[in-house]
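So this block is protein.txt, compact mmCIF, C-alpha atoms:
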```txt
# COMPACT_ATOMS: atom_id res chain seq x y z
CA MET A 1 46.50 2.77 -31.34
CA HIS A 2 47.28 0.38 -28.48
CA HIS A 3 48.09 -2.98 -30.07
CA LEU A 4 50.30 -6.02 -30.14
CA PHE A 5 52.06 -7.63 -33.09
CA GLN A 6 53.19 -11.23 -33.36
CA LYS A 7 55.40 -12.25 -36.28
CA GLY A 8 54.17 -15.32 -38.12
CA THR A 9 56.12 -18.17 -39.67
CA ASP A 10 54.62 -17.93 -43.17
CA ASN A 11 55.25 -14.66 -45.02
CA ALA A 12 52.74 -15.58 -47.71
CA ALA A 13 49.88 -16.08 -45.24
CA PRO A 14 47.57 -13.13 -44.63
CA THR A 15 48.26 -10.92 -41.63
CA LEU A 16 45.35 -11.32 -39.22
CA LEU A 17 43.84 -8.08 -37.89
CA LEU A 18 42.10 -8.91 -34.59
CA LEU A 19 39.31 -6.61 -33.38
CA HIS A 20 37.70 -7.34 -30.01
CA GLY A 21 34.15 -6.85 -28.79
CA THR A 22 32.95 -4.22 -26.29
CA GLY A 23 34.94 -4.39 -23.07
CA GLY A 24 37.63 -6.56 -24.63
CA THR A 25 41.35 -6.04 -25.12
CA GLU A 26 43.97 -6.86 -27.71
CA ASN A 27 44.46 -10.24 -25.99
CA ASP A 28 40.88 -11.51 -26.37
CA LEU A 29 40.97 -12.94 -29.89
CA LEU A 30 44.50 -14.36 -29.88
CA PRO A 31 43.12 -17.91 -29.41
CA LEU A 32 41.03 -17.44 -32.60
CA ALA A 33 44.12 -16.52 -34.60
CA GLU A 34 45.85 -19.64 -33.29
CA ILE A 35 42.93 -21.80 -34.45
CA ILE A 36 42.24 -20.12 -37.80
CA SER A 37 45.76 -19.48 -39.13
CA PRO A 38 48.57 -20.29 -36.67
CA SER A 39 51.31 -19.40 -39.19
CA SER A 40 50.03 -15.83 -39.83
CA ASN A 41 51.30 -12.53 -38.54
CA VAL A 42 48.89 -11.18 -35.94
CA LEU A 43 48.08 -7.50 -35.43
CA SER A 44 45.65 -7.15 -32.55
CA VAL A 45 44.27 -3.68 -31.80
CA ARG A 46 42.51 -2.20 -28.78
CA GLY A 47 39.65 0.22 -29.40
CA ASN A 48 40.36 3.89 -28.67
CA VAL A 49 36.94 4.69 -27.20
CA LEU A 50 35.84 4.01 -23.61
CA GLU A 51 32.21 3.35 -22.70
CA HIS A 52 31.83 3.16 -18.90
CA GLY A 53 35.47 2.08 -18.78
CA MET A 54 35.05 -0.58 -21.47
CA PRO A 55 37.16 -0.30 -24.64
CA ARG A 56 35.25 -0.01 -27.91
CA PHE A 57 36.20 0.95 -31.47
CA PHE A 58 33.61 3.72 -31.82
CA ARG A 59 30.92 5.42 -29.78
CA ARG A 60 27.26 4.50 -29.80
CA LEU A 61 24.22 6.54 -28.80
CA ALA A 62 22.32 3.52 -27.43
CA GLU A 63 22.32 -0.26 -27.77
CA GLY A 64 22.42 -0.90 -31.52
CA VAL A 65 22.47 2.83 -32.38
CA PHE A 66 25.85 3.91 -33.69
CA ASP A 67 27.33 7.40 -33.48
CA GLU A 68 27.90 7.62 -37.24
CA GLU A 69 30.18 10.64 -37.09
CA ASP A 70 32.46 8.89 -34.62
CA LEU A 71 32.24 5.64 -36.60
CA VAL A 72 33.50 7.39 -39.75
CA PHE A 73 36.31 9.10 -37.81
CA ARG A 74 37.42 5.91 -36.03
CA THR A 75 37.28 3.91 -39.26
CA LYS A 76 39.59 6.45 -40.89
CA GLU A 77 41.86 6.29 -37.83
CA LEU A 78 42.09 2.48 -38.02
CA HIS A 79 42.64 2.59 -41.78
CA GLY A 80 45.55 4.96 -41.32
CA PHE A 81 46.97 2.90 -38.48
CA LEU A 82 47.04 -0.21 -40.69
CA ALA A 83 49.27 1.58 -43.21
CA GLU A 84 51.61 2.69 -40.41
CA ALA A 85 51.72 -0.80 -38.87
CA ALA A 86 52.45 -2.45 -42.23
CA GLU A 87 55.47 -0.19 -42.63
CA LYS A 88 56.65 -0.59 -39.05
CA TYR A 89 56.31 -4.38 -38.90
CA ASP A 90 57.08 -5.04 -42.57
CA PHE A 91 53.98 -6.95 -43.61
CA ASP A 92 52.05 -6.79 -46.88
CA ARG A 93 49.31 -4.17 -46.41
CA SER A 94 47.35 -5.67 -49.30
CA ASN A 95 47.22 -9.08 -47.59
CA VAL A 96 45.29 -8.38 -44.36
CA VAL A 97 42.28 -10.40 -43.19
CA ALA A 98 40.24 -9.04 -40.30
CA ILE A 99 38.77 -11.21 -37.55
CA GLY A 100 36.26 -9.19 -35.54
CA TYR A 101 33.67 -9.97 -32.90
CA SER A 102 30.62 -7.79 -32.21
CA ASN A 103 31.92 -4.19 -31.98
CA GLY A 104 35.16 -5.32 -33.60
CA ALA A 105 33.23 -6.96 -36.43
CA ASN A 106 31.35 -3.69 -36.92
CA ILE A 107 34.52 -1.62 -37.32
CA ALA A 108 35.87 -4.26 -39.74
CA GLY A 109 32.62 -4.02 -41.68
CA SER A 110 33.00 -0.25 -41.67
CA LEU A 111 36.46 -0.56 -43.24
CA LEU A 112 34.86 -2.59 -46.05
CA PHE A 113 32.03 -0.04 -46.40
CA HIS A 114 34.33 2.99 -46.62
CA TYR A 115 37.62 1.97 -48.27
CA GLU A 116 38.35 0.02 -51.42
CA ASN A 117 40.95 -2.73 -50.88
CA ALA A 118 40.97 -2.07 -47.12
CA LEU A 119 40.94 -5.82 -46.44
CA LYS A 120 41.81 -8.96 -48.42
CA GLY A 121 38.94 -10.66 -46.58
CA ALA A 122 37.09 -10.65 -43.28
CA ILE A 123 35.67 -12.94 -40.62
CA LEU A 124 32.80 -11.09 -38.94
CA HIS A 125 31.37 -12.72 -35.82
CA HIS A 126 27.95 -11.24 -34.92
CA PRO A 127 28.22 -8.00 -36.93
CA MET A 128 25.59 -5.38 -37.66
CA VAL A 129 25.23 -3.13 -40.70
CA PRO A 130 27.71 -0.33 -39.93
CA ARG A 131 25.97 2.33 -42.03
CA ARG A 132 22.94 2.42 -44.31
CA GLY A 133 22.21 4.50 -47.38
CA ILE A 134 25.80 5.00 -48.52
CA PRO A 135 27.45 3.68 -51.71
CA LEU A 136 29.95 0.90 -51.05
CA PRO A 137 33.32 0.61 -52.78
CA LEU A 138 33.84 -2.25 -55.21
CA LEU A 139 34.40 -5.45 -53.24
CA THR A 140 34.68 -7.72 -56.28
CA GLY A 141 35.46 -11.24 -55.12
CA THR A 142 36.43 -10.21 -51.58
CA PRO A 143 35.74 -13.26 -49.39
CA ILE A 144 33.72 -12.51 -46.26
CA PHE A 145 32.57 -14.93 -43.56
CA ILE A 146 29.71 -13.88 -41.28
CA SER A 147 28.57 -15.87 -38.25
CA ALA A 148 25.31 -15.04 -36.52
CA GLY A 149 22.94 -16.36 -33.88
CA THR A 150 19.26 -16.91 -34.65
CA ASN A 151 18.48 -15.90 -31.04
CA ASP A 152 20.93 -13.01 -30.80
CA PRO A 153 19.27 -10.24 -28.72
CA ILE A 154 21.83 -7.61 -29.80
CA CYS A 155 22.14 -8.41 -33.50
CA ALA A 156 18.79 -9.37 -35.00
CA PRO A 157 18.87 -11.92 -37.85
CA GLN A 158 17.59 -9.19 -40.21
CA GLU A 159 20.84 -7.27 -39.60
CA THR A 160 22.79 -10.27 -40.85
CA THR A 161 20.55 -10.71 -43.88
CA ASP A 162 20.81 -6.99 -44.73
CA LEU A 163 24.60 -7.00 -44.32
CA GLU A 164 24.97 -10.06 -46.53
CA LYS A 165 22.85 -8.37 -49.22
CA LEU A 166 24.76 -5.08 -49.13
CA LEU A 167 28.17 -6.77 -49.29
CA SER A 168 27.07 -9.16 -52.03
CA GLU A 169 25.66 -6.30 -54.11
CA ALA A 170 29.10 -4.63 -53.88
CA GLY A 171 30.62 -7.79 -55.37
CA ALA A 172 31.87 -9.58 -52.25
CA SER A 173 31.73 -13.35 -51.93
CA VAL A 174 29.81 -13.80 -48.67
CA GLN A 175 29.26 -16.96 -46.64
CA VAL A 176 26.90 -16.85 -43.65
CA HIS A 177 27.08 -19.38 -40.82
CA TRP A 178 24.05 -19.55 -38.53
CA GLU A 179 23.97 -20.88 -34.97
CA ASN A 180 20.90 -21.38 -32.78
CA PHE A 181 22.42 -19.30 -30.02
CA GLY A 182 22.61 -15.69 -28.89
CA HIS A 183 25.41 -13.14 -29.10
CA GLN A 184 28.14 -15.33 -27.61
CA LEU A 185 31.07 -16.50 -29.70
CA THR A 186 30.97 -20.29 -29.98
CA ARG A 187 33.69 -22.82 -30.70
CA SER A 188 31.67 -24.26 -33.59
CA GLU A 189 31.47 -20.91 -35.40
CA VAL A 190 35.21 -20.43 -34.97
CA GLU A 191 35.76 -23.91 -36.44
CA ALA A 192 33.49 -22.97 -39.36
CA ALA A 193 35.54 -19.80 -39.86
CA LYS A 194 38.71 -21.91 -39.90
CA ARG A 195 37.31 -24.15 -42.64
CA TRP A 196 36.23 -21.07 -44.62
CA PHE A 197 39.68 -19.49 -44.21
CA GLU A 198 41.46 -22.63 -45.39
CA ALA A 199 39.19 -22.81 -48.46
CA ASN A 200 39.80 -19.14 -49.39
CA PHE A 201 43.40 -18.46 -48.38
```
How would this structure read if it were set down as structure tokens?
Amino acid sequence: MHHLFQKGTDNAAPTLLLLHGTGGTENDLLPLAEIISPSSNVLSVRGNVLEHGMPRFFRRLAEGVFDEEDLVFRTKELHGFLAEAAEKYDFDRSNVVAIGYSNGANIAGSLLFHYENALKGAILHHPMVPRRGIPLPLLTGTPIFISAGTNDPICAPQETTDLEKLLSEAGASVQVHWENFGHQLTRSEVEAAKRWFEANF
């Protein structure tokens, strides 16, 4: 997978896995990593799927309708890539925290839905429920931060509520941060994610 890796200054800090939104690149979320945990390793990945020339992490059939078969395949692909990257760049595979926005948050959520111990924790900005009606692995104590907009036209508030419920029922420790905005990523939600990260890691 097309990616970039930046070595951090603190080996004990989690490696940050950055996952961009639709049409983004591996450079988009670098400023978030700098705000949230400037001493961490950074592994930023570009999605392998193109939608009208825009990179994404998995295909969709329509706005808000995921291609589940492709989602499962791409989640497995990303999961495998993380193991390869940990070996190549010599970071602790068991100490990875994802930071995803929109489509990137959805593939991070899918990692949590499909693989036990896939992530040490996750910051999900404007995610949706990746899949419904499947059993989740045990997420006992896994800290997860979700930010959402009450006026988000792409990700309805019910999606956030449902996702929180599903993750919590699997044992995760979920914190939801609401903003009275739409689908855009705001400075205040990033600052809230920073405070959450400092409290948990």
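CA of Val97 in chain A is found 18.6 Å from CA of Thr25 in chain A.
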ask   = Which of these residues is nearest to Phe81 in chain A, using all atoms listed in the file: A:Pro55, A:Gly47, A:Pro130, A:Gly141?
value =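 Using all atoms listed in the file, Phe81 in chain A sits closest to A:Gly47.
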query = With all atoms listed in the file as the atoms that count, which of A:Ala118, A:Leu166, A:Leu124, A:Leu32 lies nearest to Gly104 in chain A?
reply =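 Between A:Ala118, A:Leu166, A:Leu124, A:Leu32, the residue approaching Gly104 in chain A most closely is A:Leu124.
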Can you pull out every residue within 9 Å of Met1 in chain A, counting all atoms listed in the file, but drop anything in the same chain fewer than 5 positions away, and send it as a tab-separated table (two decimals) with C-alpha atoms, in the coordinates of the input?
```
chain	number	residue	atom	x	y	z
A	45	VAL	CA	44.27	-3.68	-31.80
A	46	ARG	CA	42.51	-2.20	-28.78
A	47	GLY	CA	39.65	0.22	-29.40
A	48	ASN	CA	40.36	3.89	-28.67
A	77	GLU	CA	41.86	6.29	-37.83
A	78	LEU	CA	42.09	2.48	-38.02
A	81	PHE	CA	46.97	2.90	-38.48
```
query = How many Å lie between CA of Thr186 in chain A and CA of Glu159 in chain A, rounded to one decimal?
reply = 19.1 Å
Residues near Asn106 in chain A, cut-off 9 Å, only C-alpha atoms, skip fewer than 3 positions along chain, as an mmCIF file with C-alpha atoms, in the coordinates of the input:
```cif
data_model
loop_
_atom_site.group_PDB
_atom_site.id
_atom_site.type_symbol
_atom_site.label_atom_id
_atom_site.label_comp_id
_atom_site.auth_asym_id
_atom_site.auth_seq_id
_atom_site.Cartn_x
_atom_site.Cartn_y
_atom_site.Cartn_z
ATOM 1 C CA PHE A 57 36.200 0.950 -31.470
ATOM 2 C CA GLY A 100 36.260 -9.190 -35.540
ATOM 3 C CA TYR A 101 33.670 -9.970 -32.900
ATOM 4 C CA SER A 102 30.620 -7.790 -32.210
ATOM 5 C CA ASN A 103 31.920 -4.190 -31.980
ATOM 6 C CA GLY A 109 32.620 -4.020 -41.680
ATOM 7 C CA SER A 110 33.000 -0.250 -41.670
ATOM 8 C CA LEU A 111 36.460 -0.560 -43.240
ATOM 9 C CA LEU A 124 32.800 -11.090 -38.940
ATOM 10 C CA HIS A 126 27.950 -11.240 -34.920
ATOM 11 C CA PRO A 127 28.220 -8.000 -36.930
ATOM 12 C CA MET A 128 25.590 -5.380 -37.660
ATOM 13 C CA VAL A 129 25.230 -3.130 -40.700
ATOM 14 C CA PRO A 130 27.710 -0.330 -39.930
#
```
request  = One decimal, Å: what's the distance from CA of Gln175 in chain A over to CA of Ala148 in chain A, could you say?
outcome  =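 Going from CA of Gln175 in chain A over to CA of Ala148 in chain A, I get 11.0 Å.
Between Ala192 in chain A and the residues A:Leu167, A:His79, A:Gly23, A:Ile35, the shortest atom-to-atom distance, using only C-alpha atoms, involves A:Ile35.
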key: Shell around Ala122 in chain A at 12 Å using all atoms listed in the file, local window under 2 positions removed, as a ChimeraX atom specification   = /A:14-19,95-101,104-112,117-120,124-125,127,139,141-147,167,172-176,193-194,196-197,200-201
note = Ile134 in chain A proximity check over A:His114, A:Leu82, A:Pro153, A:Lys76, using all atoms listed in the file: winner is A:His114
task = Considering all atoms listed in the file, state which residue in the set A:Gln6, A:Glu84, A:Gly24, A:Glu34 is at the smallest distance from Gly53 in chain A.
result = A:Gly24
